[in-house]
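Data file: entry-v9.csv. Format and content: CSV, C-alpha atoms.
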chain,number,residue,atom,x,y,z
A,1,LYS,CA,95.0,102.6,82.1
A,2,GLN,CA,92.5,104.9,83.7
A,3,GLU,CA,93.9,108.1,85.4
A,4,VAL,CA,91.9,110.5,87.5
A,5,THR,CA,93.1,114.0,88.0
A,6,GLN,CA,91.9,116.6,90.5
A,7,ILE,CA,93.3,120.1,90.3
A,8,PRO,CA,94.1,122.1,92.4
A,9,ALA,CA,95.3,119.9,95.2
A,10,ALA,CA,94.2,122.5,97.8
A,11,LEU,CA,91.7,125.3,98.0
A,12,SER,CA,90.9,127.9,100.6
A,13,VAL,CA,87.7,130.0,100.4
A,14,PRO,CA,85.8,132.3,102.8
A,15,GLU,CA,82.6,131.1,104.3
A,16,GLY,CA,79.4,131.5,102.2
A,17,GLU,CA,81.2,131.2,98.9
A,18,ASN,CA,79.8,128.9,96.2
A,19,LEU,CA,82.6,126.7,94.8
A,20,VAL,CA,83.3,124.1,92.1
A,21,LEU,CA,85.7,121.2,92.5
A,22,ASN,CA,86.9,119.6,89.2
A,23,CYS,CA,87.7,116.0,88.3
A,24,SER,CA,88.9,114.7,85.0
A,25,PHE,CA,89.4,111.1,83.8
A,26,THR,CA,91.2,109.7,80.8
A,27,ASP,CA,89.1,106.7,79.8
A,28,SER,CA,85.4,107.7,79.1
A,29,ALA,CA,84.3,104.0,79.3
A,30,ILE,CA,83.1,104.4,82.9
A,31,TYR,CA,80.1,102.7,84.6
A,32,ASN,CA,79.7,105.4,87.2
A,33,LEU,CA,81.5,108.2,89.1
A,34,GLN,CA,81.4,108.8,92.8
A,35,TRP,CA,82.4,111.8,95.0
A,36,PHE,CA,83.7,111.1,98.5
A,37,ARG,CA,84.5,113.2,101.5
A,38,GLN,CA,87.4,112.3,103.8
A,39,ASP,CA,88.1,114.0,107.1
A,40,PRO,CA,91.7,114.0,108.3
A,41,GLY,CA,92.9,110.5,109.2
A,42,LYS,CA,89.4,109.1,108.6
A,43,GLY,CA,87.6,106.8,106.2
A,44,LEU,CA,85.6,107.8,103.1
A,45,THR,CA,82.0,109.1,103.2
A,46,SER,CA,80.1,108.8,99.9
A,47,LEU,CA,78.5,112.1,98.9
A,48,LEU,CA,77.1,111.5,95.4
A,49,LEU,CA,77.1,108.7,92.8
A,50,ILE,CA,76.4,109.4,89.2
A,51,GLN,CA,75.6,106.6,86.7
A,52,SER,CA,77.2,107.0,83.3
A,53,SER,CA,73.7,107.6,81.8
A,54,GLN,CA,73.0,110.5,84.1
A,55,ARG,CA,74.1,114.1,83.8
A,56,GLU,CA,73.9,115.2,87.4
A,57,GLN,CA,72.9,114.3,91.0
A,58,THR,CA,71.9,116.6,93.9
A,59,SER,CA,72.0,116.2,97.6
A,60,GLY,CA,71.3,119.2,99.8
A,61,ARG,CA,73.9,121.9,99.0
A,62,LEU,CA,75.9,119.5,96.8
A,63,ASN,CA,75.4,119.1,93.1
A,64,ALA,CA,77.6,116.8,90.9
A,65,SER,CA,77.6,116.8,87.2
A,66,LEU,CA,79.1,114.3,84.7
A,67,ASP,CA,80.2,114.8,81.1
A,68,LYS,CA,81.3,111.3,80.2
A,69,SER,CA,82.3,112.1,76.6
A,70,SER,CA,84.8,114.8,77.7
A,71,GLY,CA,85.9,112.9,80.8
A,72,ARG,CA,84.9,115.6,83.3
A,73,SER,CA,82.9,115.9,86.5
A,74,THR,CA,82.3,118.8,88.8
A,75,LEU,CA,81.2,118.9,92.4
A,76,TYR,CA,79.4,122.2,93.2
A,77,ILE,CA,79.1,123.2,96.8
A,78,ALA,CA,76.6,126.0,97.6
A,79,ALA,CA,77.0,128.5,100.4
A,80,SER,CA,80.1,126.8,101.8
A,81,GLN,CA,80.5,126.4,105.6
A,82,PRO,CA,83.6,125.7,107.9
A,83,GLY,CA,82.2,122.2,108.4
A,84,ASP,CA,82.7,121.5,104.7
A,85,SER,CA,86.5,121.6,105.3
A,86,ALA,CA,87.8,118.2,104.3
A,87,THR,CA,89.4,116.4,101.3
A,88,TYR,CA,87.1,115.6,98.4
A,89,LEU,CA,87.9,112.6,96.3
A,90,CYS,CA,86.6,111.7,92.9
A,91,ALA,CA,86.5,108.0,91.8
A,92,VAL,CA,85.4,106.2,88.7
A,93,ARG,CA,84.5,102.6,87.9
A,94,ARG,CA,85.2,101.1,84.5
A,95,GLU,CA,82.4,100.0,82.3
A,96,THR,CA,83.0,96.2,82.1
A,97,GLY,CA,83.9,93.4,84.5
A,98,ALA,CA,82.4,92.1,87.7
A,99,ASN,CA,85.5,93.2,89.6
A,100,SER,CA,85.2,96.8,88.6
A,101,LYS,CA,87.4,98.5,91.2
A,102,LEU,CA,87.3,102.2,92.0
A,103,THR,CA,90.1,104.4,90.5
A,104,PHE,CA,90.6,107.5,92.7
A,105,GLY,CA,92.0,110.9,92.2
A,106,LYS,CA,94.4,112.3,94.8
A,107,GLY,CA,91.7,114.6,96.2
A,108,ILE,CA,91.2,118.3,96.7
A,109,THR,CA,91.8,119.6,100.3
A,110,LEU,CA,89.2,122.3,100.9
A,111,SER,CA,89.5,124.8,103.7
A,112,VAL,CA,86.5,127.1,104.4
A,113,ARG,CA,87.5,130.1,106.5
A,114,PRO,CA,85.0,131.5,109.0
B,115,ASP,CA,73.1,99.4,112.5
B,116,ALA,CA,76.9,99.1,112.7
B,117,GLY,CA,78.8,100.2,109.7
B,118,VAL,CA,82.1,98.7,108.4
B,119,THR,CA,84.4,98.2,111.4
B,120,GLN,CA,88.2,97.9,111.2
B,121,SER,CA,90.7,97.0,113.8
B,122,PRO,CA,93.1,98.1,115.1
B,123,THR,CA,92.7,101.8,114.6
B,124,HIS,CA,96.4,102.4,114.7
B,125,LEU,CA,99.4,100.1,114.4
B,126,ILE,CA,103.2,100.6,114.6
B,127,LYS,CA,105.5,98.0,113.2
B,128,THR,CA,109.2,97.8,112.2
B,129,ARG,CA,110.6,96.8,108.9
B,130,GLY,CA,110.5,93.1,108.2
B,131,GLN,CA,107.7,92.3,110.5
B,132,HIS,CA,104.3,90.9,109.6
B,133,VAL,CA,100.9,92.6,110.2
B,134,THR,CA,97.3,91.5,110.1
B,135,LEU,CA,94.4,94.0,109.7
B,136,ARG,CA,90.8,93.0,110.3
B,137,CYS,CA,87.5,94.1,108.8
B,138,SER,CA,83.9,93.4,109.6
B,139,PRO,CA,81.4,94.3,106.9
B,140,ILE,CA,78.0,95.7,107.3
B,141,SER,CA,75.5,93.0,108.3
B,142,GLY,CA,74.2,91.3,105.2
B,143,HIS,CA,77.1,92.4,103.0
B,144,LYS,CA,79.0,89.5,101.5
B,145,SER,CA,81.7,91.4,99.6
B,146,VAL,CA,84.8,93.0,101.1
B,147,SER,CA,87.4,95.1,99.3
B,148,TRP,CA,90.7,96.4,100.6
B,149,TYR,CA,92.4,99.7,99.6
B,150,GLN,CA,95.7,101.3,100.5
B,151,GLN,CA,95.9,105.1,100.9
B,152,VAL,CA,99.4,106.5,101.1
B,153,LEU,CA,99.5,110.1,102.6
B,154,GLY,CA,98.6,112.6,99.9
B,155,GLN,CA,97.3,110.1,97.5
B,156,GLY,CA,94.0,108.5,96.6
B,157,PRO,CA,93.2,105.0,97.7
B,158,GLN,CA,94.6,102.2,95.6
B,159,PHE,CA,92.7,98.9,95.2
B,160,ILE,CA,94.4,95.8,96.7
B,161,PHE,CA,91.8,93.0,96.8
B,162,GLN,CA,88.2,92.1,96.6
B,163,TYR,CA,86.6,89.0,98.2
B,164,TYR,CA,83.2,87.6,97.8
B,165,GLU,CA,81.9,84.4,99.4
B,166,LYS,CA,85.4,83.6,100.6
B,167,GLU,CA,86.8,83.7,97.1
B,168,GLU,CA,89.2,86.3,95.7
B,169,ARG,CA,87.4,88.2,92.9
B,170,GLY,CA,89.9,90.9,92.1
B,171,ARG,CA,93.5,91.9,92.8
B,172,GLY,CA,95.3,95.2,92.3
B,173,ASN,CA,98.9,95.8,91.4
B,174,PHE,CA,100.5,94.8,94.7
B,175,PRO,CA,103.3,92.3,95.5
B,176,ASP,CA,102.8,88.8,96.8
B,177,ARG,CA,103.7,90.1,100.3
B,178,PHE,CA,100.1,91.2,100.4
B,179,SER,CA,97.4,88.5,101.0
B,180,ALA,CA,93.9,88.4,102.3
B,181,ARG,CA,91.2,86.0,103.2
B,182,GLN,CA,87.5,86.1,104.0
B,183,PHE,CA,85.8,84.0,106.6
B,184,PRO,CA,82.4,82.3,106.6
B,185,ASN,CA,80.9,85.2,108.6
B,186,TYR,CA,82.2,87.5,105.7
B,187,SER,CA,84.7,89.3,107.9
B,188,SER,CA,88.1,89.6,106.3
B,189,GLU,CA,91.8,89.9,107.1
B,190,LEU,CA,94.6,91.6,105.2
B,191,ASN,CA,98.0,90.3,105.8
B,192,VAL,CA,101.3,92.0,104.9
B,193,ASN,CA,104.6,90.2,105.2
B,194,ALA,CA,108.2,91.6,105.3
B,195,LEU,CA,107.0,95.1,105.9
B,196,LEU,CA,108.7,98.0,104.1
B,197,LEU,CA,108.8,101.6,105.0
B,198,GLY,CA,106.6,102.3,101.9
B,199,ASP,CA,103.8,100.1,103.4
B,200,SER,CA,103.0,102.9,105.8
B,201,ALA,CA,99.5,104.0,104.9
B,202,LEU,CA,95.9,104.1,105.8
B,203,TYR,CA,94.3,100.8,104.9
B,204,LEU,CA,90.6,101.0,104.1
B,205,CYS,CA,88.1,98.2,104.0
B,206,ALA,CA,84.8,98.6,102.0
B,207,SER,CA,81.9,96.3,102.0
B,208,SER,CA,79.0,95.8,99.5
B,209,LEU,CA,76.0,93.6,99.2
B,210,GLY,CA,77.0,91.7,96.1
B,211,PRO,CA,80.0,90.7,94.1
B,212,HIS,CA,79.7,93.2,91.2
B,213,LEU,CA,81.5,96.3,92.4
B,214,ALA,CA,80.0,98.3,89.5
B,215,LYS,CA,76.4,97.6,90.6
B,216,ASN,CA,76.8,97.6,94.4
B,217,ILE,CA,77.6,100.7,96.4
B,218,GLN,CA,80.6,100.2,98.6
B,219,TYR,CA,80.6,101.5,102.2
B,220,PHE,CA,84.0,102.3,103.7
B,221,GLY,CA,85.3,101.8,107.2
B,222,ALA,CA,87.4,104.4,109.1
B,223,GLY,CA,90.6,102.6,108.2
B,224,THR,CA,93.7,101.3,110.0
B,225,ARG,CA,96.7,103.6,110.1
B,226,LEU,CA,99.8,101.5,109.8
B,227,SER,CA,103.2,103.1,110.5
B,228,VAL,CA,106.3,101.1,109.6
B,229,LEU,CA,109.5,102.3,111.3
For this file, write the structure as structure tokens.
Amino acid sequence: KQEVTQIPAALSVPEGENLVLNCSFTDSAIYNLQWFRQDPGKGLTSLLLIQSSQREQTSGRLNASLDKSSGRSTLYIAASQPGDSATYLCAVRRETGANSKLTFGKGITLSVRP
Amino acid sequence: DAGVTQSPTHLIKTRGQHVTLRCSPISGHKSVSWYQQVLGQGPQFIFQYYEKEERGRGNFPDRFSARQFPNYSSELNVNALLLGDSALYLCASSLGPHLAKNIQYFGAGTRLSVL
């Protein structure tokens, strides 16, 4: 059974700091990995999707990396801003099957202090 | 273009009651998936529907059921509500049936509180 872990559960940093959010998964047979952002009480916004054959994806100040063999992914946020404060969720899809559901971690709640 | 829309936004029920949650996918999307997110946890997969047929089911009791209509909208039904059913229920839509090959877009969710 796939398990996705995100540690720590919460993080507080001063504005302007570069930071790294970690995600680990137990079964390396994944099809892709996705990072989401969730604001309090809201739905999920997809940030980056990395296919299993890729090593990283970039979007603006965000960079996500994937090391499939070691079961790890990181989300790098450059020059953090108060507007980046949210919960960041990592999710993986297994490699086989048409009904390949997303398996989520519990998320990391980020607070960026002005 | 409208994204995934869910209704209602918030709902309060008492134990033992029944609830129906609704989801309209993005125009042109034929697949709808439902997830339950308990406070402090990541979302858990409940169901996937494509072309009105169930394509996947997560580890949830039979009290949970869903259906998809010809216009691809979907309903999630929960019977005999328990306190533990209190959660944010998320709907996601995608173009095709293969969740691994089609990006899912999430709605804002329905917040269900069971008292």
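Applying the 7 Å criterion to (89.9, 100.1, 94.8) in file coordinates and using all atoms listed in the file, one obtains the residues Lys101, Leu102 and Thr103 of chain A; Trp148, Tyr149, Pro157, Gln158, Phe159 and Ile160 of chain B.
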Restricting the output to C-alpha atoms, write the selected residues as a PDB file, in the coordinates of the input.
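Writing done, so here's part.pdb:
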ATOM      1  CA  LYS A 101      87.400  98.500  91.200  1.00  0.00           C
ATOM      2  CA  LEU A 102      87.300 102.200  92.000  1.00  0.00           C
ATOM      3  CA  THR A 103      90.100 104.400  90.500  1.00  0.00           C
TER       4      THR A 103
ATOM      5  CA  TRP B 148      90.700  96.400 100.600  1.00  0.00           C
ATOM      6  CA  TYR B 149      92.400  99.700  99.600  1.00  0.00           C
ATOM      7  CA  PRO B 157      93.200 105.000  97.700  1.00  0.00           C
ATOM      8  CA  GLN B 158      94.600 102.200  95.600  1.00  0.00           C
ATOM      9  CA  PHE B 159      92.700  98.900  95.200  1.00  0.00           C
ATOM     10  CA  ILE B 160      94.400  95.800  96.700  1.00  0.00           C
TER      11      ILE B 160
END
Inset, instruction - Find the residues of chain B in contact range of chain A, meaning any atom within 8 Å when counting all atoms listed in the file, and list them as an MDAnalysis selection string. - result: chainID B and resid 154:159 162 169:170 202 204 211:214 219:223 225
As a check of understanding: the span from CA of Arg171 in chain B to CA of Trp35 in chain A is 22.9 Å
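One finds CA of Asn216 in chain B at 24.6 Å from CA of Gln6 in chain A.
Note that the spacing between CA of Phe174 in chain B and CA of Thr224 in chain B amounts to 18.0 Å.
Polymer residues near (74.3, 115.7, 89.3): counting only C-alpha atoms with a cut-off of 7 Å, they are A:Ile50, A:Arg55, A:Glu56, A:Gln57, A:Thr58, A:Asn63, A:Ala64, A:Ser65, A:Leu66.
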Output C-alpha atoms for every residue in the selection just made, as a compact mmCIF listing (two decimals), in the frame of the given file.
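Result went into result.txt, see below:
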# COMPACT_ATOMS: atom_id res chain seq x y z
CA ILE A 50 76.40 109.40 89.20
CA ARG A 55 74.10 114.10 83.80
CA GLU A 56 73.90 115.20 87.40
CA GLN A 57 72.90 114.30 91.00
CA THR A 58 71.90 116.60 93.90
CA ASN A 63 75.40 119.10 93.10
CA ALA A 64 77.60 116.80 90.90
CA SER A 65 77.60 116.80 87.20
CA LEU A 66 79.10 114.30 84.70
Can you pull out every residue within 8 Å of Lys68 in chain A, counting only C-alpha atoms, but drop anything in the same chain fewer than 4 positions away, and send it as a PyMOL selection string?
-> chain A and resi 28-30+52+72-73
I need the chosen residues saved as a PDB file, keeping the file's coordinate frame, with C-alpha atoms.
ATOM      1  CA  SER A  28      85.400 107.700  79.100  1.00  0.00           C
ATOM      2  CA  ALA A  29      84.300 104.000  79.300  1.00  0.00           C
ATOM      3  CA  ILE A  30      83.100 104.400  82.900  1.00  0.00           C
ATOM      4  CA  SER A  52      77.200 107.000  83.300  1.00  0.00           C
ATOM      5  CA  ARG A  72      84.900 115.600  83.300  1.00  0.00           C
ATOM      6  CA  SER A  73      82.900 115.900  86.500  1.00  0.00           C
TER       7      SER A  73
END
